[in-house]
Amino acid sequence: MMIQTQQHIDAVKRTVAAGVKAGRDTREVILIRILAAPVGRVWEAVTSGEHIGRWFAPISGSLRPEGTYQIEGNAGGEILSCDPPGGVTRAGSFSATWEFGDDVSWIRVAVEPGADDSTLLTLEHVAHVEEGRWLEFGPGAVGVGWELGLVGLVEYLANGSQREIRTEGERWAGSEDGRNFIGHSSEFWGEASAASGTPVDEALAAAARTTAFYTGADSAEATEGIGDLSEAPLLDAGWVEGSNRSAVDLSIVLPLRADELWPWITEPKLLRRWSPVVPDRPFVSLSPVTSRESPAADPVDATVVDLEPPHRLSHRWGGDLLTWTIAPDPENEQASSVLSLRQTLGDAEFSAMMLAGWHVCLATLSAHLEGKPVHRVVGDDALAHGWDGLRERYSIHLTKE
């Protein structure tokens with residue numbers, strides 16, 4: 001799949017607006033794009049669960065008014081309205097809630113016929129946004145994500161709306177070209193934010209933070225991937241039965257002393273380069289903390305419950321508990337350490353999945369410590385780096401224990 005990055009960037013009109021909903025201030029992100037496909041095909045691609053699963057993500061539920069839906073690994077919600085294209089204008093639209101946990105926002109997608117069998121698509125996302133979160137990331141938190149989705153939709157339509165392209169799109173998003181796209185998209189959302197009244201320096205700083213969060217880099221230096229890990233040697237891993245909750249264990253040897261490695265598991269700026277856990281403040285005291293995997297993700301509890309610098313950190317991760325320990329490497333105590341993770345789980349069914357995910361993350365951390373400019377790999381991006389193969393092999397490994 002050959003994606004023309006600049007064409008996709010240039011094709012989107014971006015607008016940021018403010019409003020009021022349910023008596024509270026809102027922020028609105030609006031994307032408008034012309035698609036080279038007739039309105040009927042576009043409508044089917046954005047409202048059929050079968051089609052959405054091929055270019056965006058697997059979706060379940062009823063995509064009808066008053067029905068509910070759930071996107072795998074993403075938001076869920078309720079369908080509020082659905083008016084297929086028809087009538088004099090042959091335009092159509094649907095609206096829905098967009099829910100992550102207790103965080104509820106609203107989306108609306110409209111399509112109308114354009115010239116030469118094209119379609120004008122408008123996507124609106126309205127949300128109550130905390131002022132601090134808006135200042136940190138601005139509209140790019142959701143705008144960049146929706147633009148990545150539109151790239152998938154455009155490529156899917158161009159390929160006849162039959163072939164599943166989601167995995168290819170995820171692989172592209174993690175490539176150098178994809179990261180360049182994210183950087184450009186963030187910049188343009190910063191400009192749109194400034195045009196809406198945000199001070200220019202604040203808007204551009206938020207855009208830079210959005211780029212860093214999506215790519216796991218503090219600049220454009222992260223230009224390499226970690227490659228395919230499906231056949232990489234497994235890390236030292238195991239499953240521990242507990243009276244209340246069981247846990248998975250994972251260890252890796254890294255080329256730093258404990259005091260040098262400690263910031264990589266406690267500082268948001270460094271965690272952002274390799275981990276799905278990016279806290280809103282450093283893990284430096286026994287105190288409440290929240291964490292997000294991406295700017296648009298719902299925050300989860302990451303409260304620190306145990307802390308012994310620079311050897312032990314234990315904090316919540318939603319309903320689980322992560323405990324990191326750093327010990328001297330018996331083979332080279334002066335120059336390297338063993339970093340170990342224990343994550344509590346409620347169900348052994350997820351053990352191999354978690355081990356595979358953390359393997360990919362720790363491989364990214366290891367690459368950083370070796371001086372390689374790699375980008376962060378979390379969520380669906382891990383599929384392009386051998387997550388599935390690792391999951392199968394860890395599953396086999398655990399059954400042998």
# chains A, B, ... in the order shown; residues from 1 in each chain; ligands from 1
>>> residues_around(residues="Thr68 (chain A)", least_positions_apart="3", cutoff="9 Å", atoms="only C-alpha atoms", output="list in words")
Ser60, Gly61, Ser62, Leu63, Arg64, Pro65, Gly76, Gly77, Glu78, Ile79 and Ala96 of chain A
>>> select_by_dssp(residues="region 284-324 of chain A", states="strand (DSSP E or B)", output="MDAnalysis selection string")
chainID A and resid 290:292 300:301 304:308 312:317 320:324
>>> write_last_selection(atoms="C-alpha atoms", output="PDB file, in the first residue's frame")
ATOM      1  CA  THR A 290      -3.049   9.234  36.554  1.00  0.00           C
ATOM      2  CA  SER A 291      -1.690   7.772  33.334  1.00  0.00           C
ATOM      3  CA  ARG A 292      -2.568   7.835  29.629  1.00  0.00           C
ATOM      4  CA  VAL A 300      -6.397   5.504  34.408  1.00  0.00           C
ATOM      5  CA  ASP A 301      -5.354   5.302  38.038  1.00  0.00           C
ATOM      6  CA  VAL A 304       2.131   4.963  43.619  1.00  0.00           C
ATOM      7  CA  VAL A 305       1.751   2.476  46.502  1.00  0.00           C
ATOM      8  CA  ASP A 306       5.384   1.497  47.182  1.00  0.00           C
ATOM      9  CA  LEU A 307       8.628   3.326  46.443  1.00  0.00           C
ATOM     10  CA  GLU A 308      12.261   2.504  47.251  1.00  0.00           C
ATOM     11  CA  ARG A 312      11.587  -0.675  43.632  1.00  0.00           C
ATOM     12  CA  LEU A 313       8.467   1.041  42.290  1.00  0.00           C
ATOM     13  CA  SER A 314       4.916  -0.261  42.648  1.00  0.00           C
ATOM     14  CA  HIS A 315       1.948   1.599  41.164  1.00  0.00           C
ATOM     15  CA  ARG A 316      -1.557   0.892  39.986  1.00  0.00           C
ATOM     16  CA  TRP A 317      -2.392   0.632  36.300  1.00  0.00           C
ATOM     17  CA  ASP A 320      -3.847  -4.007  37.930  1.00  0.00           C
ATOM     18  CA  LEU A 321      -0.695  -3.422  39.935  1.00  0.00           C
ATOM     19  CA  LEU A 322       2.719  -2.997  38.320  1.00  0.00           C
ATOM     20  CA  THR A 323       5.814  -3.622  40.432  1.00  0.00           C
ATOM     21  CA  TRP A 324       9.227  -2.783  38.982  1.00  0.00           C
TER      22      TRP A 324
END
>>> closest_residue(among="A:Ala207, A:Ile326, A:Leu286, A:Ala192", to="Glu260 (chain A)", atoms="only C-alpha atoms")
A:Ile326
>>> residues_around(residues="region 103-110 of chain A", least_positions_apart="6", cutoff="8 Å", atoms="only C-alpha atoms", output="number ranges by chain")
A: 91-97, 121-128, 298
>>> atom_distance(atom1="CA of Val154 (chain A)", atom2="CA of Asp10 (chain A)")
13.4 Å
>>> residues_around(residues="region 371-377 of chain A", least_positions_apart="5", cutoff="12 Å", atoms="only C-alpha atoms", output="ChimeraX atom specification")
/A:170-171,173-176,178-180,211-229,255,270-278,293-294,356-366,382-387
>>> write_last_selection(atoms="C-alpha atoms", output="compact mmCIF listing (two decimals), in the first residue's frame")
# COMPACT_ATOMS: atom_id res chain seq x y z
CA GLU A 170 -1.00 0.34 11.39
CA ARG A 171 2.39 -0.68 10.01
CA ALA A 173 1.64 4.67 11.01
CA GLY A 174 4.69 3.30 12.82
CA SER A 175 7.02 3.87 9.88
CA GLU A 176 9.17 6.92 9.25
CA GLY A 178 3.80 7.64 9.18
CA ARG A 179 5.62 9.53 11.92
CA ASN A 180 6.29 12.37 9.49
CA THR A 211 3.72 14.69 18.12
CA ALA A 212 6.01 13.48 20.90
CA PHE A 213 3.22 11.52 22.55
CA TYR A 214 2.04 9.82 19.37
CA THR A 215 5.54 8.94 18.20
CA GLY A 216 7.25 8.38 21.55
CA ALA A 217 10.01 10.84 20.70
CA ASP A 218 10.97 14.29 21.91
CA SER A 219 11.94 15.37 18.40
CA ALA A 220 12.23 14.06 14.88
CA GLU A 221 15.19 11.93 15.97
CA ALA A 222 13.15 8.75 16.32
CA THR A 223 13.43 7.42 12.79
CA GLU A 224 13.93 3.67 13.27
CA GLY A 225 11.67 0.80 14.23
CA ILE A 226 12.54 -2.17 16.44
CA GLY A 227 11.92 -4.65 13.64
CA ASP A 228 10.07 -7.96 13.72
CA LEU A 229 10.34 -9.58 17.17
CA PRO A 255 23.21 -1.80 30.25
CA LEU A 270 11.45 8.99 29.33
CA LEU A 271 8.47 6.65 29.80
CA ARG A 272 6.88 8.35 26.79
CA ARG A 273 9.65 6.90 24.63
CA TRP A 274 8.91 3.23 25.32
CA SER A 275 6.04 2.53 27.74
CA PRO A 276 2.22 2.46 27.52
CA VAL A 277 2.25 3.99 31.02
CA VAL A 278 2.81 7.75 30.74
CA GLU A 293 -1.27 5.71 26.77
CA SER A 294 -2.03 8.52 24.29
CA ALA A 356 4.11 -10.17 24.52
CA GLY A 357 3.13 -6.52 24.88
CA TRP A 358 5.72 -5.82 27.57
CA HIS A 359 8.35 -7.72 25.56
CA VAL A 360 7.84 -5.27 22.68
CA CYS A 361 8.00 -2.29 25.06
CA LEU A 362 11.13 -3.53 26.83
CA ALA A 363 12.79 -4.21 23.48
CA THR A 364 12.10 -0.57 22.63
CA LEU A 365 13.62 0.54 25.94
CA SER A 366 16.68 -1.63 25.34
CA ALA A 382 2.76 -3.85 18.16
CA LEU A 383 1.11 -6.11 15.56
CA ALA A 384 3.60 -4.84 12.99
CA HIS A 385 6.51 -5.84 15.23
CA GLY A 386 5.76 -9.49 15.92
CA TRP A 387 3.37 -9.24 18.86
>>> closest_residue(among="A:Ala17, A:Leu31, A:Leu250, A:Val39", to="Ala194 (chain A)", atoms="only C-alpha atoms")
A:Ala17
>>> residues_around(residues="Val46 (chain A)", least_positions_apart="6", cutoff="10 Å", atoms="only C-alpha atoms", output="list of chain:residue names")
A:Ile52, A:Gly53, A:Trp55, A:Phe56, A:Phe94, A:Val109, A:Val111, A:Leu153
>>> closest_residue(among="A:Val253, A:Leu135, A:Leu345, A:Val338", to="Gly319 (chain A)", atoms="only C-alpha atoms")
A:Leu345
>>> atom_distance(atom1="CA of Arg163 (chain A)", atom2="CA of Glu50 (chain A)")
11.1 Å
>>> select_by_dssp(residues="region 39-71 of chain A", states="alpha helix (DSSP H)", output="ChimeraX atom specification")
/A:39-47,49-55
>>> residues_around(residues="Arg245 (chain A)", least_positions_apart="4", cutoff="10 Å", atoms="only C-alpha atoms", output="PyMOL selection string")
chain A and resi 240-241+320-321+343-348
>>> write_last_selection(atoms="N, CA and C atoms", output="compact mmCIF listing (two decimals), in the first residue's frame")
# COMPACT_ATOMS: atom_id res chain seq x y z
N VAL A 240 2.57 -16.46 38.19
CA VAL A 240 2.58 -16.67 39.63
C VAL A 240 1.14 -16.71 40.14
N GLU A 241 0.77 -17.82 40.75
CA GLU A 241 -0.57 -17.95 41.32
C GLU A 241 -0.64 -17.20 42.64
N ASP A 320 -5.01 -3.15 37.66
CA ASP A 320 -3.85 -4.01 37.93
C ASP A 320 -2.82 -3.27 38.76
N LEU A 321 -1.81 -4.00 39.20
CA LEU A 321 -0.69 -3.42 39.94
C LEU A 321 0.60 -3.78 39.23
N GLN A 343 3.17 -7.93 37.03
CA GLN A 343 1.86 -7.32 36.81
C GLN A 343 0.78 -8.26 37.28
N THR A 344 -0.06 -7.78 38.19
CA THR A 344 -1.19 -8.59 38.63
C THR A 344 -2.24 -8.68 37.52
N LEU A 345 -2.89 -9.82 37.44
CA LEU A 345 -3.94 -10.04 36.46
C LEU A 345 -5.08 -10.80 37.11
N GLY A 346 -6.28 -10.50 36.66
CA GLY A 346 -7.42 -11.22 37.21
C GLY A 346 -7.68 -12.54 36.52
N ASP A 347 -7.10 -12.72 35.33
CA ASP A 347 -7.41 -13.91 34.54
C ASP A 347 -6.14 -14.36 33.81
N ALA A 348 -5.79 -15.63 33.97
CA ALA A 348 -4.60 -16.18 33.30
C ALA A 348 -4.71 -16.12 31.78
>>> residues_around(residues="His184 (chain A)", least_positions_apart="2", cutoff="12 Å", atoms="only C-alpha atoms", output="PyMOL selection string")
chain A and resi 5-10+12+140+143-144+147-148+177-182+186-191+204+207-208+210-211+220
>>> atom_distance(atom1="CA of Glu392 (chain A)", atom2="CA of Ala75 (chain A)")
26.8 Å
>>> closest_residue(among="A:Pro328, A:Gly40, A:Gly318, A:Gly114", to="Leu157 (chain A)", atoms="only C-alpha atoms")
A:Gly40
